[in-house]
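Below is model_5.txt, which holds compact mmCIF, C-alpha atoms.
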# COMPACT_ATOMS: atom_id res chain seq x y z
CA MET C 1 14.27 -11.47 67.25
CA GLN C 2 16.53 -9.28 65.16
CA THR C 3 15.38 -8.91 61.54
CA THR C 4 16.87 -7.03 58.58
CA LEU C 5 15.17 -5.32 55.67
CA LYS C 6 15.92 -6.92 52.28
CA LYS C 7 14.46 -6.86 48.79
CA ARG C 8 12.77 -9.95 47.38
CA LEU C 9 13.12 -10.25 43.63
CA GLU C 10 10.47 -12.45 42.02
CA ILE C 11 10.74 -13.26 38.33
CA VAL C 12 8.19 -15.28 36.35
CA ILE C 13 9.94 -16.23 33.14
CA GLU C 14 9.54 -18.62 30.22
CA ALA C 15 11.46 -21.84 30.78
CA PRO C 16 13.90 -21.66 27.82
CA VAL C 17 15.40 -18.46 29.27
CA ILE C 18 15.91 -19.65 32.84
CA ASP C 19 19.54 -20.69 32.33
CA ARG C 20 20.44 -17.24 30.97
CA LEU C 21 18.84 -15.65 34.00
CA ARG C 22 20.75 -17.94 36.35
CA ARG C 23 24.01 -16.98 34.67
CA VAL C 24 23.25 -13.29 35.28
CA LEU C 25 22.55 -13.87 38.97
CA ASP C 26 25.64 -16.05 39.33
CA ASP C 27 27.81 -13.41 37.64
CA LYS C 28 26.38 -10.73 39.93
CA GLY C 29 27.31 -12.81 42.95
CA VAL C 30 23.80 -13.24 44.35
CA SER C 31 24.17 -15.34 47.49
CA GLY C 32 21.29 -17.65 46.59
CA TYR C 33 18.06 -18.09 44.70
CA THR C 34 15.28 -20.64 44.32
CA ILE C 35 13.56 -21.75 41.11
CA ILE C 36 10.23 -23.55 40.99
CA PRO C 37 8.10 -24.60 38.01
CA ALA C 38 4.82 -22.73 37.56
CA VAL C 39 1.77 -24.92 37.00
CA ALA C 40 -0.62 -22.73 35.01
CA GLY C 41 -1.62 -19.13 34.52
CA ARG C 42 -2.89 -16.36 32.29
CA GLY C 43 -1.22 -13.23 30.99
CA ARG C 44 -0.95 -10.88 28.00
CA HIS C 45 -0.16 -13.88 25.77
CA GLY C 46 -3.24 -15.78 26.93
CA ARG C 47 -3.70 -18.82 29.16
CA TRP C 48 -1.00 -21.40 29.55
CA ASN C 49 -0.75 -24.72 31.35
CA ARG C 50 2.30 -26.80 32.15
CA GLU C 51 0.35 -30.00 31.51
CA GLY C 52 0.23 -31.05 27.91
CA GLU C 53 3.30 -29.14 26.74
CA ILE C 54 5.71 -31.23 24.74
CA SER C 55 8.68 -28.91 25.16
CA ASP C 56 9.86 -26.16 27.50
CA THR C 57 8.56 -23.47 25.16
CA GLY C 58 5.11 -23.12 26.70
CA ARG C 59 6.27 -23.59 30.28
CA MET C 60 6.97 -20.90 32.85
CA MET C 61 9.33 -20.88 35.83
CA VAL C 62 9.44 -18.70 38.94
CA LEU C 63 12.73 -17.50 40.44
CA PHE C 64 13.05 -15.93 43.89
CA ALA C 65 16.12 -14.16 45.21
CA ILE C 66 16.68 -12.08 48.35
CA ILE C 67 19.15 -9.22 47.92
CA ASP C 68 20.36 -6.18 49.77
CA PRO C 69 18.43 -2.95 48.95
CA SER C 70 21.69 -1.27 47.90
CA GLU C 71 22.14 -3.88 45.12
CA LEU C 72 18.65 -3.59 43.68
CA ASP C 73 19.21 -1.07 40.85
CA ASP C 74 22.30 -2.83 39.59
CA MET C 75 20.54 -6.19 39.72
CA LEU C 76 17.40 -4.97 37.97
CA ALA C 77 19.46 -3.45 35.16
CA ALA C 78 21.27 -6.75 34.60
CA VAL C 79 18.04 -8.77 34.75
CA TYR C 80 16.26 -6.35 32.43
CA ALA C 81 19.02 -6.68 29.83
CA VAL C 82 18.21 -10.39 29.58
CA LEU C 83 14.45 -10.31 29.96
CA SER C 84 13.32 -7.15 28.22
CA ARG C 85 12.20 -8.99 25.07
CA GLN C 86 10.92 -12.17 26.77
CA ILE C 87 7.54 -13.17 28.16
CA GLY C 88 7.60 -12.71 31.94
CA ILE C 89 7.02 -10.57 35.03
CA VAL C 90 9.58 -8.99 37.35
CA SER C 91 8.44 -7.75 40.75
CA VAL C 92 10.22 -6.48 43.84
CA SER C 93 8.92 -6.43 47.40
CA ASP C 94 10.23 -5.57 50.87
CA VAL C 95 10.89 -8.51 53.18
CA GLN C 96 12.42 -9.02 56.63
CA VAL C 97 14.99 -11.77 57.04
CA VAL C 98 16.24 -13.29 60.28
CA ARG C 99 19.78 -14.21 59.26
CA ASP C 100 21.32 -11.23 57.51
CA ASP C 101 24.66 -12.93 56.95
CA HIS C 102 23.03 -15.53 54.68
CA PHE C 103 22.28 -12.89 52.07
CA ARG C 104 25.67 -11.27 51.64
CA ARG C 105 26.80 -10.96 48.05
CA THR C 106 29.59 -13.35 47.05
CA SER C 107 32.44 -12.53 44.63
CA ARG C 108 30.95 -15.01 42.17
CA ALA C 109 28.62 -17.82 43.10
CA ASP C 110 29.62 -21.42 42.35
CA THR C 111 27.76 -22.69 39.33
CA MET G 1 0.21 -51.62 -2.68
CA ASP G 2 -1.34 -48.49 -4.20
CA VAL G 3 -1.74 -45.21 -2.36
CA PHE G 4 -5.21 -46.10 -1.07
CA ASP G 5 -4.06 -49.43 0.31
CA LEU G 6 -1.11 -47.68 1.97
CA ALA G 7 -3.39 -44.98 3.39
CA ALA G 8 -5.83 -47.58 4.70
CA ALA G 9 -3.04 -49.71 6.21
CA ASN G 10 -1.59 -46.63 7.91
CA LEU G 11 -4.95 -45.34 9.15
CA ILE G 12 -6.04 -48.57 10.78
CA SER G 13 -2.68 -49.25 12.44
CA PRO G 14 -2.76 -49.14 16.26
CA PRO G 15 -0.26 -46.24 16.60
CA ILE G 16 -2.32 -43.93 14.35
CA LEU G 17 -5.61 -44.97 15.97
CA PHE G 18 -4.18 -44.24 19.42
CA PHE G 19 -3.01 -40.84 18.16
CA LEU G 20 -6.53 -40.12 16.88
CA LEU G 21 -7.96 -41.27 20.23
CA GLY G 22 -5.73 -38.74 22.04
CA LEU G 23 -6.67 -36.01 19.58
CA MET G 24 -10.39 -36.68 20.05
CA ALA G 25 -10.04 -36.89 23.84
CA ALA G 26 -8.40 -33.44 23.89
CA LEU G 27 -10.96 -31.92 21.55
CA VAL G 28 -13.89 -33.13 23.73
CA ARG G 29 -12.01 -31.81 26.82
CA SER G 30 -11.55 -35.22 28.43
CA ASP G 31 -9.36 -35.28 31.55
CA LEU G 32 -7.29 -38.13 30.07
CA ALA G 33 -3.61 -37.31 30.66
CA ILE G 34 -0.25 -39.05 30.54
CA PRO G 35 1.95 -37.90 33.45
CA GLU G 36 4.75 -35.57 32.27
CA ALA G 37 7.53 -37.80 33.61
CA VAL G 38 6.06 -40.89 31.91
CA ALA G 39 5.84 -39.07 28.54
CA LYS G 40 9.42 -37.87 28.92
CA GLY G 41 10.62 -41.39 29.77
CA ILE G 42 8.81 -42.84 26.76
CA SER G 43 10.29 -40.24 24.40
CA ILE G 44 13.78 -41.12 25.70
CA TYR G 45 13.07 -44.81 25.05
CA LEU G 46 11.82 -44.18 21.51
CA VAL G 47 14.77 -42.00 20.50
CA MET G 48 17.17 -44.52 22.05
CA ALA G 49 15.53 -47.47 20.26
CA ILE G 50 15.38 -45.81 16.84
CA GLY G 51 18.98 -44.60 17.16
CA PHE G 52 20.24 -48.03 18.21
CA LYS G 53 18.35 -49.86 15.46
CA GLY G 54 19.64 -47.42 12.83
CA GLY G 55 23.21 -47.89 14.04
CA ALA G 56 22.90 -51.68 14.12
CA GLU G 57 21.78 -51.64 10.47
CA MET G 58 24.72 -49.44 9.40
CA ALA G 59 26.85 -52.52 8.66
CA ALA G 60 24.67 -53.12 5.60
CA SER G 61 24.89 -49.51 4.38
CA PRO G 62 27.57 -48.11 2.06
CA LEU G 63 29.25 -45.09 3.66
CA VAL G 64 29.16 -43.04 0.45
CA ALA G 65 25.39 -43.40 0.28
CA ALA G 66 25.15 -42.39 3.95
CA ALA G 67 27.31 -39.29 3.39
CA LEU G 68 25.26 -38.25 0.34
CA ALA G 69 22.00 -38.66 2.26
CA ILE G 70 23.35 -36.58 5.17
CA VAL G 71 24.41 -33.80 2.80
CA ALA G 72 20.98 -33.93 1.13
CA GLY G 73 19.35 -33.63 4.55
CA ILE G 74 21.46 -30.61 5.50
CA VAL G 75 20.68 -28.91 2.18
CA LEU G 76 16.94 -29.50 2.71
CA SER G 77 17.03 -28.24 6.27
CA ALA G 78 18.88 -25.05 5.28
CA ALA G 79 16.82 -24.38 2.12
CA LEU G 80 13.25 -25.17 3.22
CA PRO G 81 12.97 -22.15 5.57
CA PHE G 82 13.55 -19.81 2.61
CA ILE G 83 10.61 -21.39 0.75
CA SER G 84 8.41 -21.37 3.83
CA PHE G 85 9.31 -17.73 4.58
CA GLY G 86 8.65 -16.66 0.98
CA ALA G 87 5.28 -18.41 0.95
CA LEU G 88 4.21 -16.90 4.27
CA ARG G 89 5.26 -13.38 3.31
CA ALA G 90 3.48 -13.68 -0.03
CA THR G 91 0.22 -15.07 1.32
CA SER G 92 -0.18 -13.62 4.83
CA ARG G 93 0.35 -10.43 6.78
CA LEU G 94 2.57 -12.05 9.36
CA PRO G 95 5.41 -9.84 10.60
CA ARG G 96 8.86 -10.72 9.28
CA VAL G 97 10.02 -12.10 12.62
CA ASP G 98 7.02 -14.45 12.97
CA ALA G 99 7.40 -15.68 9.39
CA ALA G 100 11.12 -16.32 9.98
CA ALA G 101 10.42 -18.24 13.20
CA ILE G 102 7.77 -20.41 11.50
CA ALA G 103 10.12 -20.98 8.55
CA ALA G 104 12.83 -22.30 10.91
CA HIS G 105 10.32 -24.83 12.28
CA TYR G 106 9.62 -26.13 8.74
CA GLY G 107 13.28 -26.64 7.89
CA SER G 108 13.93 -28.64 11.02
CA ILE G 109 12.38 -32.01 11.79
CA SER G 110 9.99 -33.88 14.06
CA ILE G 111 11.69 -36.99 15.41
CA VAL G 112 8.33 -38.52 16.41
CA THR G 113 7.08 -38.25 12.81
CA PHE G 114 10.33 -39.89 11.69
CA ILE G 115 9.85 -42.73 14.21
CA ALA G 116 6.22 -43.23 13.14
CA ALA G 117 7.26 -43.26 9.46
CA SER G 118 10.06 -45.77 10.15
CA ASP G 119 7.55 -47.99 11.90
CA ALA G 120 5.00 -47.60 9.09
CA GLY G 121 7.70 -48.42 6.50
CA MET G 122 8.60 -51.62 8.32
CA ALA G 123 4.92 -52.59 8.53
CA MET G 124 4.61 -52.02 4.76
CA GLY G 125 7.76 -54.01 4.01
CA LEU G 126 9.65 -50.89 2.90
CA ALA G 127 12.42 -50.75 5.48
CA ALA G 128 14.92 -47.88 5.19
CA ALA G 129 18.69 -47.74 5.47
CA GLY G 130 20.07 -47.38 9.01
CA PHE G 131 21.86 -44.13 8.15
CA MET G 132 18.54 -42.28 7.89
CA VAL G 133 18.81 -41.83 11.67
CA ALA G 134 22.00 -39.80 11.14
CA VAL G 135 20.21 -37.80 8.44
CA ALA G 136 17.46 -36.98 10.97
CA ALA G 137 20.04 -35.77 13.49
CA ALA G 138 21.84 -33.66 10.87
CA MET G 139 18.62 -31.91 9.82
CA GLU G 140 17.75 -30.50 13.23
CA ALA G 141 20.00 -27.44 13.38
CA PRO G 142 20.70 -25.88 9.93
CA ALA G 143 17.14 -24.55 9.70
CA ILE G 144 17.62 -22.52 12.87
CA PHE G 145 20.43 -20.53 11.29
CA SER G 146 18.39 -20.03 8.11
CA GLY G 147 15.54 -18.74 10.29
CA LEU G 148 17.84 -16.28 12.05
CA ALA G 149 19.21 -15.07 8.70
CA LEU G 150 15.66 -14.56 7.42
CA ALA G 151 14.80 -12.52 10.50
CA GLY G 152 17.86 -10.36 9.80
CA ARG G 153 19.63 -11.46 12.98
CA ARG G 154 23.22 -12.31 13.51
CA GLU G 155 23.96 -14.85 16.16
CA GLY G 156 25.39 -11.99 18.23
CA GLU G 157 25.63 -12.20 21.98
CA GLY G 158 25.03 -15.70 23.26
CA GLY G 159 25.37 -17.18 19.76
CA GLY G 160 28.01 -19.64 20.91
CA THR G 161 25.85 -20.72 23.82
CA MET G 162 22.89 -21.22 21.52
CA ILE G 163 24.90 -23.34 19.07
CA ARG G 164 26.08 -25.49 21.98
CA GLU G 165 22.52 -25.82 23.32
CA ILE G 166 21.24 -26.93 19.90
CA ALA G 167 24.13 -29.27 19.09
CA PHE G 168 24.02 -30.95 22.50
CA ASN G 169 20.32 -30.94 23.20
CA GLY G 170 19.24 -34.15 24.93
CA SER G 171 17.46 -35.75 21.96
CA ILE G 172 20.39 -35.23 19.59
CA VAL G 173 22.97 -36.51 22.08
CA LEU G 174 20.86 -39.61 22.77
CA LEU G 175 20.05 -40.24 19.10
CA ILE G 176 23.69 -39.97 17.97
CA GLY G 177 24.95 -41.85 21.04
CA ALA G 178 22.51 -44.74 20.60
CA PHE G 179 23.29 -44.77 16.86
CA ALA G 180 27.03 -45.07 17.62
CA ILE G 181 26.43 -47.85 20.16
CA GLY G 182 24.22 -49.70 17.68
CA TRP G 183 26.85 -49.29 14.95
CA ALA G 184 29.64 -50.49 17.25
CA THR G 185 27.76 -53.57 18.46
CA GLY G 186 25.98 -54.42 15.18
CA GLU G 187 23.70 -57.40 14.78
CA ARG G 188 25.10 -59.12 17.87
CA GLY G 189 24.20 -56.08 19.98
CA MET G 190 20.73 -55.92 18.45
CA ALA G 191 20.12 -59.59 19.27
CA MET G 192 21.06 -58.88 22.91
CA VAL G 193 18.52 -56.07 23.34
CA GLN G 194 15.85 -57.24 20.89
CA PRO G 195 13.15 -57.77 23.56
CA PHE G 196 13.57 -54.16 24.79
CA PHE G 197 14.27 -52.21 21.58
CA GLY G 198 12.35 -54.47 19.18
CA ASP G 199 9.49 -56.48 20.64
CA ILE G 200 7.81 -53.81 22.76
CA PHE G 201 8.65 -50.85 20.49
CA ARG G 202 5.28 -50.61 18.73
CA GLY G 203 3.30 -50.86 21.96
CA VAL G 204 5.33 -48.05 23.52
CA LEU G 205 4.88 -46.01 20.34
CA CYS G 206 1.10 -46.39 20.77
CA LEU G 207 1.32 -44.97 24.29
CA PHE G 208 3.48 -42.06 23.15
CA LEU G 209 1.25 -41.24 20.20
CA LEU G 210 -1.77 -41.25 22.52
CA ASP G 211 0.02 -38.53 24.51
CA MET G 212 1.02 -36.68 21.33
CA GLY G 213 -2.62 -36.74 20.24
CA LEU G 214 -3.60 -35.16 23.56
CA VAL G 215 -0.88 -32.51 23.22
CA ALA G 216 -1.75 -31.71 19.59
CA GLY G 217 -5.48 -31.58 20.36
CA ARG G 218 -5.02 -29.23 23.32
CA GLY G 219 -2.79 -26.96 21.24
CA LEU G 220 -5.34 -26.88 18.44
CA ARG G 221 -8.21 -26.16 20.81
CA ARG G 222 -6.28 -23.32 22.44
CA SER G 223 -4.91 -21.51 19.40
CA ALA G 224 -6.30 -22.63 16.05
CA GLY G 225 -9.27 -20.24 16.16
CA LYS G 226 -6.93 -17.28 16.59
CA LEU G 227 -4.92 -17.96 13.42
CA ASP G 228 -5.58 -16.56 9.97
CA TRP G 229 -6.61 -19.33 7.55
CA ARG G 230 -3.79 -18.30 5.19
CA VAL G 231 -1.34 -19.15 7.96
CA LEU G 232 -3.18 -22.35 8.90
CA VAL G 233 -3.05 -23.75 5.35
CA HIS G 234 0.71 -23.21 5.37
CA GLY G 235 0.80 -26.15 7.77
CA LEU G 236 -0.82 -28.31 5.08
CA TYR G 237 0.94 -27.29 1.86
CA MET G 238 4.43 -26.79 3.28
CA PRO G 239 4.87 -30.51 4.14
CA LEU G 240 3.95 -31.41 0.56
CA ILE G 241 6.50 -28.93 -0.82
CA GLY G 242 9.16 -30.31 1.52
CA ALA G 243 8.30 -33.90 0.60
CA ALA G 244 8.46 -33.11 -3.14
CA LEU G 245 11.93 -31.59 -2.72
CA GLY G 246 12.95 -34.56 -0.58
CA LEU G 247 11.81 -36.94 -3.32
CA GLY G 248 13.77 -34.99 -5.94
CA LEU G 249 16.96 -35.11 -3.87
CA ALA G 250 16.40 -38.79 -3.01
CA ALA G 251 16.14 -39.58 -6.73
CA LEU G 252 19.26 -37.52 -7.43
CA ILE G 253 21.41 -39.43 -4.93
CA GLY G 254 19.87 -42.81 -5.71
CA LEU G 255 18.06 -43.68 -2.47
CA GLU G 256 15.84 -46.75 -2.48
CA PRO G 257 12.06 -46.16 -1.88
CA GLY G 258 12.07 -46.88 1.88
CA SER G 259 14.87 -44.40 2.62
CA ALA G 260 13.48 -41.90 0.10
CA ALA G 261 10.13 -41.95 1.89
CA LEU G 262 11.90 -41.22 5.17
CA LEU G 263 13.84 -38.31 3.63
CA MET G 264 10.51 -36.99 2.33
CA THR G 265 8.98 -37.38 5.79
CA LEU G 266 11.87 -35.52 7.40
CA ALA G 267 11.60 -32.70 4.87
CA ALA G 268 7.83 -32.59 5.37
CA SER G 269 7.92 -32.54 9.16
CA ALA G 270 8.24 -29.47 11.36
CA SER G 271 10.01 -29.16 14.68
CA TYR G 272 8.06 -28.62 17.90
CA ILE G 273 10.78 -29.23 20.49
CA ALA G 274 14.26 -27.96 19.57
CA VAL G 275 13.36 -25.05 17.29
CA PRO G 276 10.63 -23.49 19.49
CA ALA G 277 13.05 -23.35 22.42
CA ALA G 278 15.83 -21.90 20.21
CA MET G 279 13.43 -19.29 18.80
CA ARG G 280 12.43 -18.15 22.30
CA LEU G 281 16.10 -17.41 22.92
CA ALA G 282 17.03 -15.96 19.54
CA LEU G 283 13.78 -14.35 18.32
CA PRO G 284 11.76 -13.60 21.46
CA GLU G 285 9.52 -11.12 19.59
CA ALA G 286 8.06 -13.98 17.53
CA ASP G 287 4.75 -15.28 18.88
CA PRO G 288 5.43 -18.92 19.91
CA SER G 289 1.76 -19.89 19.84
CA VAL G 290 1.55 -19.33 16.05
CA SER G 291 4.51 -21.54 15.10
CA LEU G 292 3.69 -24.24 17.66
CA THR G 293 0.07 -24.45 16.59
CA LEU G 294 1.16 -24.88 12.98
CA SER G 295 3.90 -27.44 13.57
CA LEU G 296 2.25 -29.47 16.32
CA GLY G 297 -1.48 -28.89 15.76
CA ILE G 298 -1.64 -28.93 11.96
CA THR G 299 1.47 -30.39 10.29
CA PHE G 300 2.18 -33.18 12.79
CA PRO G 301 -1.32 -34.77 12.59
CA PHE G 302 -1.43 -34.21 8.81
CA ASN G 303 1.88 -36.02 8.31
CA LEU G 304 1.00 -38.81 10.70
CA VAL G 305 -2.41 -39.60 9.22
CA PHE G 306 -2.15 -38.60 5.54
CA GLY G 307 1.41 -37.55 4.77
CA ILE G 308 3.27 -40.75 5.60
CA PRO G 309 1.21 -43.01 3.28
CA ILE G 310 1.42 -40.36 0.54
CA TYR G 311 5.21 -40.16 0.86
CA PHE G 312 5.65 -43.94 0.79
CA ALA G 313 3.32 -44.26 -2.21
CA ALA G 314 5.11 -41.46 -4.08
CA ALA G 315 8.55 -42.91 -3.31
CA GLN G 316 7.46 -46.35 -4.42
CA TRP G 317 5.87 -44.95 -7.59
CA ALA G 318 8.85 -42.79 -8.52
CA LEU G 319 11.74 -44.97 -7.40
CA GLY G 320 10.35 -48.49 -6.97
Spell out the structure here as structure tokens.
Amino acid sequence: MQTTLKKRLEIVIEAPVIDRLRRVLDDKGVSGYTIIPAVAGRGRHGRWNREGEISDTGRMMVLFAIIDPSELDDMLAAVYAVLSRQIGIVSVSDVQVVRDDHFRRTSRADT
Amino acid sequence: MDVFDLAAANLISPPILFFLLGLMAALVRSDLAIPEAVAKGISIYLVMAIGFKGGAEMAASPLVAAALAIVAGIVLSAALPFISFGALRATSRLPRVDAAAIAAHYGSISIVTFIAASDAGMAMGLAAAGFMVAVAAAMEAPAIFSGLALAGRREGEGGGTMIREIAFNGSIVLLIGAFAIGWATGERGMAMVQPFFGDIFRGVLCLFLLDMGLVAGRGLRRSAGKLDWRVLVHGLYMPLIGAALGLGLAALIGLEPGSAALLMTLAASASYIAVPAAMRLALPEADPSVSLTLSLGITFPFNLVFGIPIYFAAAQWALG
């Protein structure tokens, strides 16, 4: 089967900031992304656990997006502008996708 | 009732005992837990019920008194962060941005503390005016702007978005909306929903405070040991300063003891929902664990167990 090389952007970010991040991806015309809640973890700010948090402040979310390698630098710069002062992790990895046309950048995604 | 009778009546009430049960369960690392969705549903019910009841009682409240109380609340919310910030900077080595973030928490309010105090007031026969619900809603946001000013920040990019997020956060929309519905439907409306908003209210409050005890206990266990004692005691003296200022303003505008005690409670309480989220957006360099531990792990239990009876006793003594 034909596959195409893409970049997978994975961002672990504190929940209050997730809407700002979505706006950046929408404005950049990313064809799609997925957000899931993180359950628990540990990082530079210590251990955290979704359970027992009264507000979004102590919660973390994970966002995945698949983009074209040619868009990576532009996308990382935009994401970094939002997240540089926040708690979180940004990582990029190579992935193969089977339907290349599903990951074409749009003029501006519907929000 | 003197202060000891009030304290005893408050301490042995089911809501407070369930809160202490949750606190103890968390501290001994019990696996007791209230599912997240259930806790969220209960908090929606409580805010809706307290808003509706406040609105339904508005018919008996003079509008001038309501307006004065709302202005007093806004003044307290905007001014208290400056006192909190000054005290923290004078007594601790906290960075400016952390002190400003904590200060914003202490100007804003805890709606759960307000609900518990309203319930305690009714149990003591010191019911408050319905407009105190509107005062609670008005006190949520001004402190955030004081906190930003103290940190030396302008609202800048995204300021408009942040104002919208604060003004229309779910709790505020529900509180004001339920208040308006209660006001519009009055006593007749209250009679129609009495079994839901009245009869089961205290039982649901017990369940919610059990969860809040678990949350506060877990927060304390996780972070209290990491905090400097000079910062920790801020969570104990700041509510008393806020309550004293609340009492002064209540006397100035002529509130009766029940409403005065609620204004004191609002001034004494610290936010742990709206302000922490706003601070993560506006002051991301501030360490959220410090301010949350103080507001939720120290000030919230202090107010619930000791503060509320003190505020009612002081209001009754000064204004009764």
I'd like to know which of C:Arg105, C:Met60, C:Val30, C:Asp68 is closest to Arg42 in chain C, using only C-alpha atoms.
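Nearest candidate to Arg42 in chain C out of C:Arg105, C:Met60, C:Val30, C:Asp68: C:Met60.
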One decimal, Å: what's the distance from CA of Ile89 in chain C over to CA of Ile66 in chain C, could you say?
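Between CA of Ile89 in chain C and CA of Ile66 in chain C the gap works out to 16.5 Å.
For chain G, the residues within 8 Å of chain C are Ala33, Glu36, Met212, Leu214, Val215, Arg218, Tyr272, Ile273, Ala274, Pro276, Ala277, Ala278, Arg280, Leu281, Pro284, Glu285 and Pro288 of chain G, with all atoms listed in the file used to measure distance.
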C:Met1, C:Gly41, C:Ile67, C:Leu9: which is nearest Thr106 in chain C, counting all atoms listed in the file?
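Answer, going by the shortest atom-to-atom distance: C:Ile67.
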Non-local contacts of Gly217 in chain G (8 Å; only C-alpha atoms; under 4 positions in same chain excluded) as a PyMOL selection string:
chain G and resi 22-27+213+221+297
Could you tell me how far CA of Pro257 in chain G lies from CA of Gly121 in chain G, in Å and to one decimal?
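Answer for the CA of Pro257 in chain G to CA of Gly121 in chain G separation: 9.7 Å.
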Which of these residues is nearest to Ala167 in chain G, using all atoms listed in the file: G:Pro142, G:Pro95, G:Gly182, G:Gly203?
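With all atoms listed in the file as the atom set, the closest residue is G:Pro142.
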Neighbouring residues of Ile74 in chain G were defined as those with any atom within 8 Å, considering all atoms listed in the file; residues of the same chain fewer than 6 positions away were excluded. Please report them as a ChimeraX atom specification.
/G:135,138-139,142
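Between CA of Glu10 in chain C and CA of Ser91 in chain C there is a distance of 5.3 Å.
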Residue nearest Leu68 in chain G among G:Phe131, G:Tyr106, G:Phe19, G:Phe306 (counting only C-alpha atoms)
G:Phe131
Restricting the calculation to all atoms listed in the file: of C:Gln2, C:Tyr80, C:Gly88, C:Asp74, which residue gets closest to Arg44 in chain C?
C:Gly88
Here's a test: counting only C-alpha atoms, identify every protein, DNA and RNA residue with an atom at most 7 Å from (19.7, -10.2, 59.6) in the file's coordinate frame, and state them as a ChimeraX atom specification.
/C:2-4,97-101
Determine the nearest neighbour of Asp94 in chain C from the options C:Arg23, C:Leu76, C:Pro69, C:Ile13, counting all atoms listed in the file.
C:Pro69
List every protein, DNA or RNA residue with an atom no more than 6 Å from (4.3, -24.4, 33.7) in the file's coordinates, counting all atoms listed in the file, and format the result as a compact mmCIF listing (two decimals) with C-alpha atoms, in the frame of the given file.
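selection.txt written:
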# COMPACT_ATOMS: atom_id res chain seq x y z
CA PRO C 37 8.10 -24.60 38.01
CA ALA C 38 4.82 -22.73 37.56
CA VAL C 39 1.77 -24.92 37.00
CA ALA C 40 -0.62 -22.73 35.01
CA ASN C 49 -0.75 -24.72 31.35
CA ARG C 50 2.30 -26.80 32.15
CA ARG C 59 6.27 -23.59 30.28
CA MET C 60 6.97 -20.90 32.85
Output range 21-33 of chain G with N, CA and C atoms present, as a short mmCIF file (atom, residue, chain, number, x, y, z; two decimals), in the frame of the given file.
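This went into out.cif:
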data_model
loop_
_atom_site.label_atom_id
_atom_site.label_comp_id
_atom_site.auth_asym_id
_atom_site.auth_seq_id
_atom_site.Cartn_x
_atom_site.Cartn_y
_atom_site.Cartn_z
N LEU G 21 -7.23 -41.20 18.95
CA LEU G 21 -7.96 -41.27 20.23
C LEU G 21 -7.54 -40.10 21.13
N GLY G 22 -6.22 -39.85 21.22
CA GLY G 22 -5.73 -38.74 22.04
C GLY G 22 -6.24 -37.41 21.52
N LEU G 23 -6.21 -37.25 20.20
CA LEU G 23 -6.67 -36.01 19.58
C LEU G 23 -8.15 -35.76 19.92
N MET G 24 -8.96 -36.81 19.76
CA MET G 24 -10.39 -36.68 20.05
C MET G 24 -10.62 -36.38 21.53
N ALA G 25 -9.88 -37.09 22.39
CA ALA G 25 -10.04 -36.89 23.84
C ALA G 25 -9.77 -35.43 24.21
N ALA G 26 -8.73 -34.84 23.59
CA ALA G 26 -8.40 -33.44 23.89
C ALA G 26 -9.48 -32.52 23.36
N LEU G 27 -9.97 -32.82 22.16
CA LEU G 27 -10.96 -31.92 21.55
C LEU G 27 -12.29 -31.94 22.30
N VAL G 28 -12.64 -33.09 22.94
CA VAL G 28 -13.89 -33.13 23.73
C VAL G 28 -13.62 -32.78 25.21
N ARG G 29 -12.40 -32.27 25.48
CA ARG G 29 -12.01 -31.81 26.82
C ARG G 29 -12.06 -32.92 27.87
N SER G 30 -11.67 -34.13 27.46
CA SER G 30 -11.55 -35.22 28.43
C SER G 30 -10.40 -34.92 29.39
N ASP G 31 -10.46 -35.50 30.61
CA ASP G 31 -9.36 -35.28 31.55
C ASP G 31 -8.26 -36.33 31.39
N LEU G 32 -8.34 -37.13 30.33
CA LEU G 32 -7.29 -38.13 30.07
C LEU G 32 -5.94 -37.43 29.97
N ALA G 33 -4.94 -37.93 30.69
CA ALA G 33 -3.61 -37.31 30.66
C ALA G 33 -2.54 -38.35 30.94
#
